[in-house]
file entry.pdb (PDB, C-alpha atoms)
ATOM      1  CA  MET A   1      14.911  38.517 -76.455  1.00  0.00           C
ATOM      2  CA  SER A   2      14.655  42.303 -76.513  1.00  0.00           C
ATOM      3  CA  THR A   3      12.785  43.780 -79.425  1.00  0.00           C
ATOM      4  CA  ASP A   4      11.141  47.052 -80.293  1.00  0.00           C
ATOM      5  CA  ASN A   5       8.043  45.588 -78.602  1.00  0.00           C
ATOM      6  CA  SER A   6       9.883  45.002 -75.328  1.00  0.00           C
ATOM      7  CA  PRO A   7       8.586  47.076 -72.428  1.00  0.00           C
ATOM      8  CA  LYS A   8      10.612  50.107 -71.483  1.00  0.00           C
ATOM      9  CA  PRO A   9      12.775  49.356 -68.461  1.00  0.00           C
ATOM     10  CA  ASP A  10      11.399  52.356 -66.557  1.00  0.00           C
ATOM     11  CA  LYS A  11       7.944  50.732 -66.660  1.00  0.00           C
ATOM     12  CA  MET A  12       9.100  47.293 -65.514  1.00  0.00           C
ATOM     13  CA  THR A  13       8.861  45.763 -62.063  1.00  0.00           C
ATOM     14  CA  PHE A  14      12.010  44.536 -60.364  1.00  0.00           C
ATOM     15  CA  GLU A  15      11.051  40.942 -61.124  1.00  0.00           C
ATOM     16  CA  GLU A  16      10.416  41.630 -64.816  1.00  0.00           C
ATOM     17  CA  ALA A  17      13.685  43.511 -65.237  1.00  0.00           C
ATOM     18  CA  SER A  18      15.635  40.883 -63.325  1.00  0.00           C
ATOM     19  CA  GLU A  19      14.199  38.004 -65.359  1.00  0.00           C
ATOM     20  CA  GLU A  20      14.949  39.714 -68.661  1.00  0.00           C
ATOM     21  CA  LEU A  21      18.444  40.587 -67.466  1.00  0.00           C
ATOM     22  CA  ASP A  22      19.067  36.933 -66.603  1.00  0.00           C
ATOM     23  CA  ALA A  23      17.922  35.918 -70.086  1.00  0.00           C
ATOM     24  CA  ILE A  24      20.201  38.492 -71.718  1.00  0.00           C
ATOM     25  CA  VAL A  25      23.202  37.304 -69.702  1.00  0.00           C
ATOM     26  CA  LYS A  26      22.542  33.714 -70.775  1.00  0.00           C
ATOM     27  CA  ARG A  27      22.283  34.714 -74.444  1.00  0.00           C
ATOM     28  CA  ILE A  28      25.483  36.744 -74.291  1.00  0.00           C
ATOM     29  CA  GLU A  29      27.329  33.915 -72.533  1.00  0.00           C
ATOM     30  CA  GLU A  30      26.218  31.495 -75.250  1.00  0.00           C
ATOM     31  CA  GLY A  31      27.800  33.822 -77.806  1.00  0.00           C
ATOM     32  CA  ASP A  32      25.677  32.601 -80.697  1.00  0.00           C
ATOM     33  CA  ALA A  33      24.629  36.070 -81.878  1.00  0.00           C
ATOM     34  CA  ASP A  34      26.643  38.414 -84.037  1.00  0.00           C
ATOM     35  CA  LEU A  35      28.530  41.310 -82.493  1.00  0.00           C
ATOM     36  CA  GLU A  36      25.864  43.898 -83.342  1.00  0.00           C
ATOM     37  CA  LYS A  37      23.123  41.869 -81.655  1.00  0.00           C
ATOM     38  CA  MET A  38      25.300  41.239 -78.609  1.00  0.00           C
ATOM     39  CA  MET A  39      25.985  44.985 -78.336  1.00  0.00           C
ATOM     40  CA  GLU A  40      22.220  45.666 -78.446  1.00  0.00           C
ATOM     41  CA  GLU A  41      21.701  43.076 -75.730  1.00  0.00           C
ATOM     42  CA  HIS A  42      24.450  44.655 -73.627  1.00  0.00           C
ATOM     43  CA  LYS A  43      22.882  48.108 -73.995  1.00  0.00           C
ATOM     44  CA  ARG A  44      19.459  46.782 -72.940  1.00  0.00           C
ATOM     45  CA  GLY A  45      21.094  44.919 -70.065  1.00  0.00           C
ATOM     46  CA  LYS A  46      22.634  48.134 -68.758  1.00  0.00           C
ATOM     47  CA  LEU A  47      19.207  49.792 -68.795  1.00  0.00           C
ATOM     48  CA  LEU A  48      17.756  46.855 -66.897  1.00  0.00           C
ATOM     49  CA  VAL A  49      20.553  46.931 -64.310  1.00  0.00           C
ATOM     50  CA  ASN A  50      19.907  50.629 -63.773  1.00  0.00           C
ATOM     51  CA  ARG A  51      16.184  49.935 -63.311  1.00  0.00           C
ATOM     52  CA  CYS A  52      16.882  47.207 -60.765  1.00  0.00           C
ATOM     53  CA  LYS A  53      19.254  49.494 -58.852  1.00  0.00           C
ATOM     54  CA  GLU A  54      16.662  52.281 -58.896  1.00  0.00           C
ATOM     55  CA  LEU A  55      13.957  49.992 -57.496  1.00  0.00           C
ATOM     56  CA  LEU A  56      16.273  48.554 -54.849  1.00  0.00           C
ATOM     57  CA  ASP A  57      17.324  52.035 -53.738  1.00  0.00           C
ATOM     58  CA  LYS A  58      13.679  53.061 -53.489  1.00  0.00           C
ATOM     59  CA  ALA A  59      12.836  49.981 -51.428  1.00  0.00           C
ATOM     60  CA  GLN A  60      15.800  50.623 -49.142  1.00  0.00           C
ATOM     61  CA  GLN A  61      14.650  54.201 -48.569  1.00  0.00           C
ATOM     62  CA  GLN A  62      11.151  52.991 -47.729  1.00  0.00           C
ATOM     63  CA  ILE A  63      12.531  50.463 -45.242  1.00  0.00           C
ATOM     64  CA  GLN A  64      14.703  53.101 -43.591  1.00  0.00           C
ATOM     65  CA  THR A  65      11.698  55.418 -43.334  1.00  0.00           C
ATOM     66  CA  MET A  66       9.598  52.675 -41.742  1.00  0.00           C
ATOM     67  CA  GLU A  67      12.402  51.783 -39.315  1.00  0.00           C
ATOM     68  CA  SER A  68      12.886  55.408 -38.276  1.00  0.00           C
ATOM     69  CA  LYS A  69       9.121  55.734 -37.645  1.00  0.00           C
ATOM     70  CA  ASP A  70       9.218  52.581 -35.532  1.00  0.00           C
ATOM     71  CA  LEU A  71      11.911  54.126 -33.325  1.00  0.00           C
ATOM     72  CA  THR A  72       9.800  57.157 -32.475  1.00  0.00           C
TER      73      THR A  72
END

call {"tool": "encode", "arguments": {"input": "entry.pdb", "output": "structure tokens"}}
result
Amino acid sequence: MSTDNSPKPDKMTFEEASEELDAIVKRIEEGDADLEKMMEEHKRGKLLVNRCKELLDKAQQQIQTMESKDLT
């Protein structure tokens, strides 16, 4: 569960962000929390999705760079 002690998404690895995102999705799907808590979870989830996208984009750029070097 996200708390004030949760690591900032911009400091998380892909695996950490992905695991927490999975946990948030499960909690939201269960629907046991009140609306305010679910909104907080949604907000944190969006930050985690953005972090995952950022890391995937970076990895893709690195792969493209390596592939272009292999062709020369």

call {"tool": "atom_distance", "arguments": {"input": "entry.pdb", "atom1": "atom CA of A:Gly31", "atom2": "atom CA of A:Asn5"}}
result
23.0 Å

call {"tool": "atom_distance", "arguments": {"input": "entry.pdb", "atom1": "atom CA of A:His42", "atom2": "atom CA of A:Leu21"}}
result
9.5 Å

call {"tool": "residues_around", "arguments": {"input": "entry.pdb", "residues": "stretch 9-20 of chain A", "least_positions_apart": "4", "cutoff": "9 Å", "atoms": "all atoms listed in the file", "output": "JSON, numbers by chain"}}
result
{"A": [1, 2, 24, 25, 44, 45, 47, 48, 49, 50, 51, 52, 53, 55, 56]}

call {"tool": "atom_distance", "arguments": {"input": "entry.pdb", "atom1": "atom CA of A:Lys46", "atom2": "atom CA of A:Gln60"}}
result
20.9 Å

call {"tool": "closest_residue", "arguments": {"input": "entry.pdb", "among": "A:Ala23, A:Asp57, A:Thr65, A:Lys8", "to": "A:Glu41", "atoms": "all atoms listed in the file"}}
result
A:Ala23

call {"tool": "axis_aligned_box", "arguments": {"input": "entry.pdb", "around": "stretch 42-58 of chain A", "padding_each_side": "5 Å", "output": "AutoDock Vina command-line options"}}
result
--center_x 19.1 --center_y 48.9 --center_z -63.7 --size_x 20.8 --size_y 18.4 --size_z 30.5

call {"tool": "decode", "arguments": {"input": "entry.pdb", "residues": "stretch 27-42 of chain A", "atoms": "N, CA and C atoms", "output": "compact mmCIF listing (two decimals), in the first residue's frame"}}
result
# COMPACT_ATOMS: atom_id res chain seq x y z
N ARG A 27 -5.84 -3.86 -5.44
CA ARG A 27 -6.60 -3.20 -4.37
C ARG A 27 -7.77 -2.41 -4.93
N ILE A 28 -7.55 -1.72 -6.04
CA ILE A 28 -8.64 -0.95 -6.64
C ILE A 28 -9.74 -1.88 -7.14
N GLU A 29 -9.34 -2.98 -7.77
CA GLU A 29 -10.33 -3.94 -8.28
C GLU A 29 -11.16 -4.55 -7.15
N GLU A 30 -10.54 -4.74 -5.98
CA GLU A 30 -11.28 -5.28 -4.85
C GLU A 30 -12.32 -4.29 -4.35
N GLY A 31 -12.03 -3.00 -4.49
CA GLY A 31 -13.00 -1.97 -4.15
C GLY A 31 -13.36 -1.86 -2.68
N ASP A 32 -12.49 -2.33 -1.80
CA ASP A 32 -12.79 -2.29 -0.38
C ASP A 32 -12.52 -0.94 0.27
N ALA A 33 -11.70 -0.11 -0.37
CA ALA A 33 -11.33 1.18 0.21
C ALA A 33 -12.38 2.24 -0.11
N ASP A 34 -12.34 3.32 0.65
CA ASP A 34 -13.25 4.42 0.36
C ASP A 34 -12.75 5.18 -0.87
N LEU A 35 -13.60 6.04 -1.37
CA LEU A 35 -13.31 6.76 -2.61
C LEU A 35 -12.02 7.56 -2.51
N GLU A 36 -11.81 8.24 -1.41
CA GLU A 36 -10.61 9.07 -1.25
C GLU A 36 -9.34 8.22 -1.36
N LYS A 37 -9.34 7.08 -0.69
CA LYS A 37 -8.18 6.19 -0.73
C LYS A 37 -7.97 5.64 -2.14
N MET A 38 -9.05 5.28 -2.80
CA MET A 38 -8.94 4.77 -4.17
C MET A 38 -8.39 5.85 -5.11
N MET A 39 -8.77 7.10 -4.90
CA MET A 39 -8.26 8.19 -5.72
C MET A 39 -6.76 8.38 -5.48
N GLU A 40 -6.32 8.25 -4.22
CA GLU A 40 -4.89 8.33 -3.91
C GLU A 40 -4.13 7.20 -4.61
N GLU A 41 -4.70 6.01 -4.56
CA GLU A 41 -4.09 4.86 -5.21
C GLU A 41 -3.99 5.08 -6.72
N HIS A 42 -5.03 5.62 -7.30
CA HIS A 42 -5.05 5.90 -8.74
C HIS A 42 -3.96 6.90 -9.10
